[in-house]
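Q: You'll find query_31.csv just under this line, and it carries CSV, C-alpha atoms.
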chain,number,residue,atom,x,y,z
O,33,MET,CA,74.4,-56.7,-93.1
O,34,ASN,CA,74.9,-58.7,-96.2
O,35,ARG,CA,73.4,-58.4,-99.7
O,36,ALA,CA,71.2,-61.5,-99.2
O,37,SER,CA,69.5,-60.2,-96.1
O,38,ILE,CA,68.9,-56.8,-97.7
O,39,LEU,CA,67.4,-58.4,-100.8
O,40,ALA,CA,65.2,-60.6,-98.7
O,41,PHE,CA,63.6,-57.6,-97.2
O,42,TRP,CA,63.4,-55.6,-100.5
O,43,GLY,CA,60.3,-57.1,-101.9
O,44,ALA,CA,58.3,-57.2,-98.7
O,45,THR,CA,59.2,-54.2,-96.7
O,46,ALA,CA,61.3,-51.1,-96.9
O,47,CYS,CA,65.0,-51.6,-97.0
O,48,ILE,CA,66.9,-51.9,-93.8
O,49,VAL,CA,67.3,-48.6,-92.1
O,50,ALA,CA,70.9,-47.4,-91.8
O,51,PRO,CA,72.0,-44.3,-89.8
O,52,MET,CA,72.6,-41.3,-92.0
O,53,ALA,CA,74.6,-38.2,-91.2
O,54,PHE,CA,72.2,-35.7,-92.8
O,55,ALA,CA,70.3,-32.7,-91.5
O,56,ALA,CA,66.9,-34.0,-90.5
O,57,GLY,CA,63.6,-32.2,-90.9
O,58,TYR,CA,61.5,-30.9,-93.8
O,59,ALA,CA,62.7,-28.0,-95.9
O,60,ASP,CA,59.0,-27.3,-96.4
O,61,ASP,CA,56.0,-29.6,-96.2
O,62,GLN,CA,56.2,-30.5,-99.9
O,63,SER,CA,59.8,-31.6,-99.9
O,64,SER,CA,61.2,-34.9,-98.8
O,65,PRO,CA,63.1,-35.1,-95.5
O,66,ILE,CA,66.9,-35.3,-95.8
O,67,TYR,CA,67.0,-34.6,-99.5
O,68,GLY,CA,64.5,-31.7,-100.1
O,69,VAL,CA,63.1,-33.5,-103.2
O,70,LYS,CA,59.7,-32.4,-104.5
O,71,ILE,CA,57.2,-34.1,-106.8
O,72,PRO,CA,58.2,-32.7,-110.2
O,73,VAL,CA,55.6,-30.7,-112.1
O,74,GLY,CA,54.1,-32.6,-115.0
O,75,TYR,CA,55.6,-35.9,-114.1
O,76,ARG,CA,52.5,-37.8,-115.0
O,77,ARG,CA,53.0,-36.9,-118.7
O,78,TRP,CA,56.6,-38.1,-118.8
O,79,GLU,CA,57.8,-40.9,-121.1
O,80,LEU,CA,57.6,-44.5,-119.9
O,81,VAL,CA,60.7,-46.3,-118.9
O,82,ALA,CA,59.4,-49.6,-117.7
O,83,VAL,CA,56.7,-51.4,-115.7
O,84,ALA,CA,56.9,-53.7,-112.7
O,85,HIS,CA,54.8,-55.9,-110.4
O,86,GLU,CA,55.6,-55.9,-106.7
O,87,GLN,CA,53.8,-59.0,-105.3
O,88,GLY,CA,54.8,-58.3,-101.7
O,89,PHE,CA,53.1,-54.9,-101.8
O,90,ASN,CA,50.3,-56.1,-104.2
O,91,GLU,CA,51.2,-53.2,-106.5
O,92,LEU,CA,51.7,-52.5,-110.2
O,93,ARG,CA,54.3,-49.8,-110.9
O,94,ALA,CA,55.5,-47.7,-113.8
O,95,VAL,CA,58.7,-45.7,-114.0
O,96,VAL,CA,58.7,-42.6,-116.1
O,97,GLY,CA,61.6,-40.3,-116.8
O,98,ASN,CA,62.2,-36.7,-117.8
O,99,SER,CA,63.9,-35.9,-121.1
O,100,LEU,CA,67.4,-36.1,-119.6
O,101,SER,CA,66.9,-39.6,-118.1
O,102,ILE,CA,65.1,-40.9,-121.2
O,103,LYS,CA,68.0,-39.6,-123.3
O,104,ALA,CA,70.5,-41.4,-121.1
O,105,TYR,CA,68.6,-44.6,-121.4
O,106,GLY,CA,68.5,-44.3,-125.1
O,107,GLU,CA,72.2,-43.7,-125.3
O,108,GLY,CA,72.9,-46.5,-122.9
O,109,ARG,CA,75.3,-44.3,-121.0
O,110,LEU,CA,76.0,-44.2,-117.3
O,111,PRO,CA,76.1,-42.4,-115.0
O,112,PHE,CA,72.8,-40.5,-115.5
O,113,PRO,CA,73.6,-36.8,-116.0
O,114,ASN,CA,72.8,-34.1,-113.4
O,115,GLY,CA,69.2,-33.1,-113.8
O,116,ALA,CA,68.0,-36.5,-114.7
O,117,MET,CA,64.8,-37.5,-112.9
O,118,LEU,CA,62.9,-40.7,-112.5
O,119,VAL,CA,59.5,-41.1,-111.0
O,120,LYS,CA,58.0,-44.4,-109.9
O,121,LEU,CA,54.2,-44.4,-109.9
O,122,ALA,CA,52.5,-47.2,-108.0
O,123,TRP,CA,48.9,-48.4,-107.9
O,124,LYS,CA,47.1,-51.3,-106.2
O,125,HIS,CA,47.2,-54.5,-108.3
O,126,VAL,CA,43.5,-55.0,-108.7
O,127,PRO,CA,41.7,-57.8,-110.5
O,128,LEU,CA,39.7,-56.7,-113.6
O,129,SER,CA,36.1,-57.5,-112.9
O,130,GLY,CA,34.9,-60.5,-114.8
O,131,ALA,CA,38.2,-61.2,-116.6
O,132,GLY,CA,40.0,-64.0,-114.8
O,133,GLY,CA,43.7,-63.6,-114.6
O,134,ALA,CA,43.8,-59.9,-115.6
O,135,PHE,CA,44.9,-57.3,-113.1
O,136,VAL,CA,44.9,-53.5,-113.7
O,137,SER,CA,46.2,-50.4,-112.0
O,138,GLY,CA,43.8,-49.6,-109.2
O,139,PRO,CA,44.0,-46.7,-106.7
O,140,ALA,CA,47.3,-44.8,-106.6
O,141,THR,CA,49.5,-45.6,-103.6
O,142,THR,CA,52.9,-43.8,-103.8
O,143,VAL,CA,54.9,-41.6,-106.0
O,144,GLN,CA,58.6,-42.0,-105.6
O,145,VAL,CA,61.2,-39.6,-107.1
O,146,MET,CA,64.9,-39.8,-107.8
O,147,VAL,CA,66.8,-36.6,-108.7
O,148,LYS,CA,70.5,-36.6,-110.0
O,149,ASP,CA,72.7,-33.9,-108.6
O,150,SER,CA,76.2,-35.2,-108.1
O,151,ARG,CA,77.3,-32.2,-106.0
O,152,LYS,CA,74.2,-31.7,-103.8
O,153,TYR,CA,73.8,-35.5,-103.2
O,154,ALA,CA,77.5,-36.5,-103.3
O,155,ALA,CA,77.1,-38.5,-100.1
O,156,THR,CA,74.3,-40.6,-101.5
O,157,GLY,CA,75.8,-41.6,-104.9
O,158,GLY,CA,74.6,-38.4,-106.6
O,159,TRP,CA,70.9,-39.1,-106.1
O,160,GLY,CA,68.3,-37.4,-104.0
O,161,PHE,CA,65.2,-39.3,-103.0
O,162,GLY,CA,61.5,-38.5,-102.3
O,163,ARG,CA,58.6,-40.7,-101.3
O,164,PHE,CA,55.1,-39.3,-101.4
O,165,ILE,CA,51.7,-40.4,-100.4
O,166,ASN,CA,48.7,-38.3,-101.5
O,167,GLY,CA,51.2,-35.6,-102.5
O,168,LYS,CA,52.8,-35.4,-99.1
O,169,PRO,CA,56.3,-36.6,-98.3
O,170,VAL,CA,56.6,-39.5,-95.9
O,171,ASP,CA,58.7,-39.3,-92.7
O,172,GLU,CA,62.4,-39.2,-92.3
O,173,ALA,CA,62.7,-42.8,-91.0
O,174,GLN,CA,61.5,-44.1,-94.4
O,175,HIS,CA,63.7,-41.7,-96.3
O,176,LYS,CA,66.7,-43.1,-94.4
O,177,THR,CA,66.1,-46.4,-96.1
O,178,CYS,CA,66.3,-45.3,-99.8
O,179,PHE,CA,70.1,-44.9,-100.4
O,180,PRO,CA,71.3,-48.0,-98.5
O,181,CYS,CA,68.9,-50.2,-100.5
O,182,HIS,CA,69.9,-48.7,-103.8
O,183,GLU,CA,73.6,-48.8,-103.0
O,184,ALA,CA,73.4,-52.4,-101.8
O,185,ASN,CA,71.6,-53.6,-104.9
O,186,VAL,CA,72.4,-51.6,-108.0
O,187,LYS,CA,75.7,-49.9,-107.4
O,188,ASN,CA,76.7,-51.2,-110.9
O,189,HIS,CA,73.8,-49.3,-112.6
O,190,ASP,CA,74.3,-45.9,-111.0
O,191,LEU,CA,72.0,-46.8,-108.2
O,192,VAL,CA,69.0,-47.2,-110.6
O,193,PHE,CA,67.1,-50.5,-110.5
O,194,THR,CA,65.0,-49.8,-113.6
O,195,ARG,CA,66.1,-51.0,-117.0
O,196,PHE,CA,64.4,-49.6,-120.1
O,197,ALA,CA,61.6,-51.8,-121.5
O,198,PRO,CA,61.8,-52.1,-125.2
U,39,MET,CA,27.7,-67.5,-126.9
U,40,ASN,CA,27.2,-65.7,-123.7
U,41,ARG,CA,29.3,-63.1,-121.9
U,42,ALA,CA,30.5,-65.5,-119.3
U,43,SER,CA,32.0,-67.9,-121.8
U,44,ILE,CA,33.6,-65.0,-123.6
U,45,LEU,CA,35.1,-63.6,-120.5
U,46,ALA,CA,36.3,-67.1,-119.4
U,47,PHE,CA,38.4,-67.2,-122.6
U,48,TRP,CA,39.6,-63.6,-122.4
U,49,GLY,CA,42.4,-64.0,-120.0
U,50,ALA,CA,43.8,-67.3,-121.3
U,51,THR,CA,43.5,-67.2,-125.0
U,52,ALA,CA,42.4,-65.0,-127.8
U,53,CYS,CA,38.7,-64.1,-127.9
U,54,ILE,CA,36.3,-66.5,-129.7
U,55,VAL,CA,36.5,-66.1,-133.4
U,56,ALA,CA,33.4,-64.8,-135.2
U,57,PRO,CA,33.0,-64.7,-138.9
U,58,MET,CA,33.5,-61.1,-140.2
U,59,ALA,CA,32.5,-59.8,-143.6
U,60,PHE,CA,35.7,-57.9,-144.4
U,61,ALA,CA,38.1,-57.9,-147.3
U,62,ALA,CA,40.8,-60.4,-146.3
U,63,GLY,CA,44.5,-60.1,-146.9
U,64,TYR,CA,47.2,-57.6,-146.2
U,65,ALA,CA,47.2,-54.1,-147.6
U,66,ASP,CA,51.0,-54.4,-147.4
U,67,ASP,CA,53.2,-56.5,-145.2
U,68,GLN,CA,53.3,-53.9,-142.4
U,69,SER,CA,49.6,-53.4,-142.1
U,70,SER,CA,47.2,-55.5,-140.2
U,71,PRO,CA,44.8,-57.8,-142.0
U,72,ILE,CA,41.2,-56.7,-142.3
U,73,TYR,CA,41.9,-53.2,-140.9
U,74,GLY,CA,45.1,-52.0,-142.5
U,75,VAL,CA,46.4,-50.6,-139.3
U,76,LYS,CA,50.2,-50.0,-138.9
U,77,ILE,CA,52.4,-49.6,-135.9
U,78,PRO,CA,52.3,-45.8,-135.4
U,79,VAL,CA,55.6,-44.0,-135.7
U,80,GLY,CA,57.0,-42.9,-132.3
U,81,TYR,CA,54.5,-44.8,-130.2
U,82,ARG,CA,57.1,-45.8,-127.7
U,83,ARG,CA,57.4,-42.2,-126.6
U,84,TRP,CA,53.6,-41.6,-126.1
U,85,GLU,CA,52.1,-40.8,-122.7
U,86,LEU,CA,51.2,-43.6,-120.3
U,87,VAL,CA,47.5,-44.4,-119.9
U,88,ALA,CA,47.7,-47.4,-117.5
U,89,VAL,CA,49.5,-50.6,-116.7
U,90,ALA,CA,48.3,-54.2,-116.4
U,91,HIS,CA,49.3,-57.7,-115.5
U,92,GLU,CA,48.0,-60.6,-117.5
U,93,GLN,CA,48.6,-63.7,-115.4
U,94,GLY,CA,47.3,-66.1,-118.1
U,95,PHE,CA,49.8,-64.8,-120.6
U,96,ASN,CA,52.5,-64.2,-117.9
U,97,GLU,CA,52.8,-60.7,-119.2
U,98,LEU,CA,53.1,-57.1,-118.0
U,99,ARG,CA,51.5,-54.5,-120.2
U,100,ALA,CA,51.4,-50.7,-120.6
U,101,VAL,CA,48.9,-48.8,-122.6
U,102,VAL,CA,50.1,-45.5,-124.1
U,103,GLY,CA,48.1,-43.0,-126.1
U,104,ASN,CA,48.6,-40.3,-128.7
U,105,SER,CA,47.7,-36.7,-127.8
U,106,LEU,CA,44.0,-37.1,-129.0
U,107,SER,CA,43.4,-40.1,-126.8
U,108,ILE,CA,45.2,-38.7,-123.8
U,109,LYS,CA,43.1,-35.5,-124.2
U,110,ALA,CA,39.9,-37.6,-124.3
U,111,TYR,CA,40.9,-39.4,-121.1
U,112,GLY,CA,41.7,-36.1,-119.4
U,113,GLU,CA,38.3,-34.7,-120.3
U,114,GLY,CA,36.5,-37.9,-119.4
U,115,ARG,CA,34.5,-37.8,-122.7
U,116,LEU,CA,33.4,-40.6,-124.8
U,117,PRO,CA,33.4,-41.7,-127.5
U,118,PHE,CA,37.1,-41.2,-128.4
U,119,PRO,CA,37.5,-38.8,-131.3
U,120,ASN,CA,38.6,-39.8,-134.8
U,121,GLY,CA,42.3,-40.0,-134.9
U,122,ALA,CA,42.7,-41.2,-131.3
U,123,MET,CA,45.1,-44.1,-131.1
U,124,LEU,CA,46.0,-46.5,-128.3
U,125,VAL,CA,48.9,-48.8,-128.2
U,126,LYS,CA,49.3,-51.7,-125.8
U,127,LEU,CA,52.9,-52.8,-125.2
U,128,ALA,CA,53.5,-56.1,-123.7
U,129,TRP,CA,56.5,-57.8,-122.1
U,130,LYS,CA,57.2,-61.1,-120.3
U,131,HIS,CA,56.5,-60.9,-116.6
U,132,VAL,CA,60.0,-61.8,-115.4
U,133,PRO,CA,61.2,-62.1,-111.8
U,134,LEU,CA,63.9,-59.6,-110.8
U,135,SER,CA,67.0,-61.5,-109.9
U,136,GLY,CA,67.6,-61.7,-106.2
U,137,ALA,CA,64.5,-59.6,-105.2
U,138,GLY,CA,61.8,-62.0,-104.1
U,139,GLY,CA,58.3,-60.9,-105.2
U,140,ALA,CA,59.4,-58.3,-107.7
U,141,PHE,CA,58.7,-58.8,-111.4
U,142,VAL,CA,59.8,-56.6,-114.2
U,143,SER,CA,59.2,-56.1,-117.9
U,144,GLY,CA,61.3,-58.7,-119.7
U,145,PRO,CA,61.5,-59.3,-123.5
U,146,ALA,CA,58.8,-57.6,-125.6
U,147,THR,CA,56.1,-59.9,-126.8
U,148,THR,CA,53.4,-58.0,-128.8
U,149,VAL,CA,52.4,-54.5,-129.8
U,150,GLN,CA,48.7,-54.0,-130.2
U,151,VAL,CA,47.1,-50.9,-131.8
U,152,MET,CA,43.6,-49.4,-131.9
U,153,VAL,CA,42.9,-46.5,-134.3
U,154,LYS,CA,39.6,-44.6,-134.2
U,155,ASP,CA,38.0,-43.8,-137.5
U,156,SER,CA,34.2,-43.8,-137.2
U,157,ARG,CA,33.7,-43.9,-141.0
U,158,LYS,CA,36.4,-46.3,-142.1
U,159,TYR,CA,35.7,-48.7,-139.2
U,160,ALA,CA,31.9,-48.1,-138.9
U,161,ALA,CA,31.3,-51.9,-138.9
U,162,THR,CA,33.5,-52.4,-135.9
U,163,GLY,CA,32.4,-49.7,-133.6
U,164,GLY,CA,34.6,-47.1,-135.1
U,165,TRP,CA,37.9,-48.9,-134.3
U,166,GLY,CA,40.5,-50.5,-136.4
U,167,PHE,CA,42.8,-53.1,-134.8
U,168,GLY,CA,46.4,-54.3,-135.3
U,169,ARG,CA,48.4,-56.9,-133.5
U,170,PHE,CA,52.1,-57.2,-134.2
U,171,ILE,CA,54.9,-59.4,-133.2
U,172,ASN,CA,58.5,-58.3,-133.9
U,173,GLY,CA,57.0,-55.5,-136.0
U,174,LYS,CA,55.0,-57.8,-138.2
U,175,PRO,CA,51.2,-58.1,-138.2
U,176,VAL,CA,49.9,-61.5,-137.1
U,177,ASP,CA,47.4,-63.4,-139.3
U,178,GLU,CA,43.8,-62.7,-140.2
U,179,ALA,CA,42.4,-65.4,-138.0
U,180,GLN,CA,43.7,-63.6,-134.9
U,181,HIS,CA,42.5,-60.2,-136.2
U,182,LYS,CA,39.0,-61.6,-136.5
U,183,THR,CA,38.9,-62.0,-132.7
U,184,CYS,CA,39.6,-58.3,-131.8
U,185,PHE,CA,36.2,-56.6,-132.3
U,186,PRO,CA,33.9,-59.3,-131.0
U,187,CYS,CA,35.9,-59.4,-127.7
U,188,HIS,CA,35.9,-55.6,-127.2
U,189,GLU,CA,32.3,-55.4,-128.2
U,190,ALA,CA,31.2,-58.1,-125.8
U,191,ASN,CA,33.0,-56.6,-122.9
U,192,VAL,CA,33.4,-52.9,-123.1
U,193,LYS,CA,30.6,-51.6,-125.3
U,194,ASN,CA,29.8,-49.1,-122.5
U,195,HIS,CA,33.3,-47.6,-122.7
U,196,ASP,CA,33.6,-47.1,-126.5
U,197,LEU,CA,35.1,-50.6,-126.8
U,198,VAL,CA,38.2,-49.6,-124.8
U,199,PHE,CA,39.1,-51.7,-121.8
U,200,THR,CA,41.7,-49.4,-120.4
U,201,ARG,CA,40.9,-46.8,-117.7
U,202,PHE,CA,43.3,-44.0,-117.0
U,203,ALA,CA,45.6,-44.7,-114.1
U,204,PRO,CA,45.9,-41.6,-111.8
What's the structure tokens form of this structure?

A:
Amino acid sequence: MNRASILAFWGATACIVAPMAFAAGYADDQSSPIYGVKIPVGYRRWELVAVAHEQGFNELRAVVGNSLSIKAYGEGRLPFPNGAMLVKLAWKHVPLSGAGGAFVSGPATTVQVMVKDSRKYAATGGWGFGRFINGKPVDEAQHKTCFPCHEANVKNHDLVFTRFAP
Amino acid sequence: MNRASILAFWGATACIVAPMAFAAGYADDQSSPIYGVKIPVGYRRWELVAVAHEQGFNELRAVVGNSLSIKAYGEGRLPFPNGAMLVKLAWKHVPLSGAGGAFVSGPATTVQVMVKDSRKYAATGGWGFGRFINGKPVDEAQHKTCFPCHEANVKNHDLVFTRFAP
């Protein structure tokens, strides 16, 4: 598969699934398959990194980071240090009633987490991934798509798509 | 003027100007005309309230709040207390290179501030307004449009458009 075909899928669907040699299954029902990542406590109060609009999913998104990741962004240094965490919140892109052209964050859709641990996640560029809907991790098949997509697209930015919004 | 015509303008341009009986001029060159509002120190690190997409301006926006406003949102209580502050950050809505359908926060455009002080700003529903580009307040004519637009559209939400994104 080449970069162009991966990118073509990125906006509309999940990234192309690639076979991964990890232990399958859930560590517990709150942890992501493969990686064992959980939704971090208090993430909703973390600092804002940037916002985005995903037309293909009809979603608005915000990425927030814990203090270690915010510090790394502020210093402009890569790779992110161990313990850095990023959470991407997503909501439906909903028109604001009566205000033509304005769209706001509607119902929440997913919460997606990246956790840096260069030893534990050595095989996936140092990052563990978790994708959650209504607080529950989604299935293993979806989690198999995380690393290949990040590696194919943002290898030059420590596998992190998001740039800090000034 | 009726609500429909005000709303029609809202997304595309500034709100309709209404004559205001305030002292004109700048308190100093960092404060907004009419209201004397400044860009609050440390606002970029405040907690996220919600995100938005303004098609008419081709912008992505995030609203952040200080601890008093976040607390008010959390308690679901109106009106916002004195000292509550909200800051709307805005950036150009820029396509993510190579990823069809994904848009990210590009260059910053404006920073807009609301400050609650029910005595100082009694004539404008308890809120003072400031609109800044590159750290400098814009002119008085633009600041005359803030209150009428908020009052016309969100009188039932203490003049605040933004709802908390879960």

Q: Can you check which parts of chain U lie within 10 Å of chain O? Per residue, the shortest pair of atoms and distance in Å to one decimal, counting all atoms listed in the file, sorted by chain and number, as a tab-separated table.

A:
residue	atom	partner	partner_atom	distance
U:Arg41	CA	O:Gly130	CA	9.4
U:Ala42	CA	O:Gly130	CA	8.0
U:Ile44	CA	O:Ala131	CA	9.2
U:Leu45	CA	O:Ala131	CA	5.5
U:Ala46	CA	O:Gly132	CA	6.7
U:Phe47	CA	O:Ala131	CA	8.5
U:Trp48	CA	O:Ala131	CA	6.4
U:Gly49	CA	O:Gly133	CA	5.6
U:Ala50	CA	O:Gly133	CA	7.7
U:Arg82	CA	O:Leu80	CA	7.9
U:Arg83	CA	O:Glu79	CA	5.7
U:Trp84	CA	O:Glu79	CA	6.6
U:Glu85	CA	O:Arg77	CA	5.7
U:Leu86	CA	O:Leu80	CA	6.5
U:Val87	CA	O:Arg77	CA	9.4
U:Ala88	CA	O:Ser137	CA	6.4
U:Val89	CA	O:Ser137	CA	5.7
U:Ala90	CA	O:Val136	CA	4.4
U:His91	CA	O:Phe135	CA	5.0
U:Glu92	CA	O:Ala134	CA	4.7
U:Gln93	CA	O:Gly133	CA	5.0
U:Gly94	CA	O:Gly133	CA	5.6
U:Phe95	CA	O:Gly133	CA	8.6
U:Asn96	CA	O:Gly133	CA	9.4
U:Glu97	CA	O:Ala134	CA	9.7
U:Leu98	CA	O:Val83	CA	7.1
U:Arg99	CA	O:Val83	CA	7.5
U:Ala100	CA	O:Val83	CA	7.3
U:Val102	CA	O:Leu80	CA	8.7
U:Ile108	CA	O:Arg77	CA	9.5
U:Leu127	CA	O:Pro198	CA	8.9
U:Ala128	CA	O:Pro198	CA	9.3
U:Trp129	CA	O:Ala197	CA	7.9
U:His131	CA	O:His85	CA	8.1
U:Val132	CA	O:Ala84	CA	9.1
U:Pro133	CA	O:His85	CA	9.0
U:Leu134	CA	O:Ala84	CA	9.3
U:Ser135	CA	O:Leu39	CA	9.6
U:Gly136	CA	O:Leu39	CA	6.3
U:Ala137	CA	O:Leu39	CA	5.4
U:Gly138	CA	O:Gly43	CA	5.6
U:Gly139	CA	O:Gln87	CA	4.9
U:Ala140	CA	O:Glu86	CA	4.6
U:Phe141	CA	O:His85	CA	5.0
U:Val142	CA	O:Ala84	CA	4.4
U:Ser143	CA	O:Val83	CA	5.8
U:Gly144	CA	O:Ala197	CA	7.1
U:Pro145	CA	O:Pro198	CA	7.4
U:Ala146	CA	O:Pro198	CA	6.3
U:Thr147	CA	O:Pro198	CA	9.8
U:Asn191	CA	O:Gly130	CA	9.2
U:Phe199	CA	O:Leu128	CA	9.6
U:Thr200	CA	O:Val136	CA	8.5
U:Arg201	CA	O:Ser137	CA	8.6
U:Phe202	CA	O:Ser137	CA	8.6
U:Ala203	CA	O:Ser137	CA	6.1
U:Pro204	CA	O:Ala140	CA	6.3

Q: For atom CA of O:Ile165 and atom CA of U:Lys109, determine how far apart the two atoms are, in Å to one decimal place.

A: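 Value for the atom CA of O:Ile165-atom CA of U:Lys109 distance: 25.8 Å.
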
Q: What is the atom CA of U:Phe167 to atom CA of U:Asn104 distance in Å?

A: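 It comes out at 15.3 Å.
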
Q: Please determine, counting all atoms listed in the file, which residue among U:Ser107, U:Asn120, U:Ser156, U:Thr148 has the shortest atom-to-atom distance to U:Gly173.

A: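 When distances to U:Gly173 are compared using all atoms listed in the file, the smallest one comes from U:Thr148.
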
Q: Between atom CA of O:Gly160 and atom CA of O:Val147, what distance in Å does the model show, to one decimal?

A: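 Here the two named atoms are 5.0 Å from each other.
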
Q: Select, from U:Ala110, U:Val176, U:Val75, U:Val151, the residue with the minimum atom-to-atom distance to U:Lys126, counting only C-alpha atoms.

A: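 Using only C-alpha atoms, the shortest distance to U:Lys126 belongs to U:Val151.
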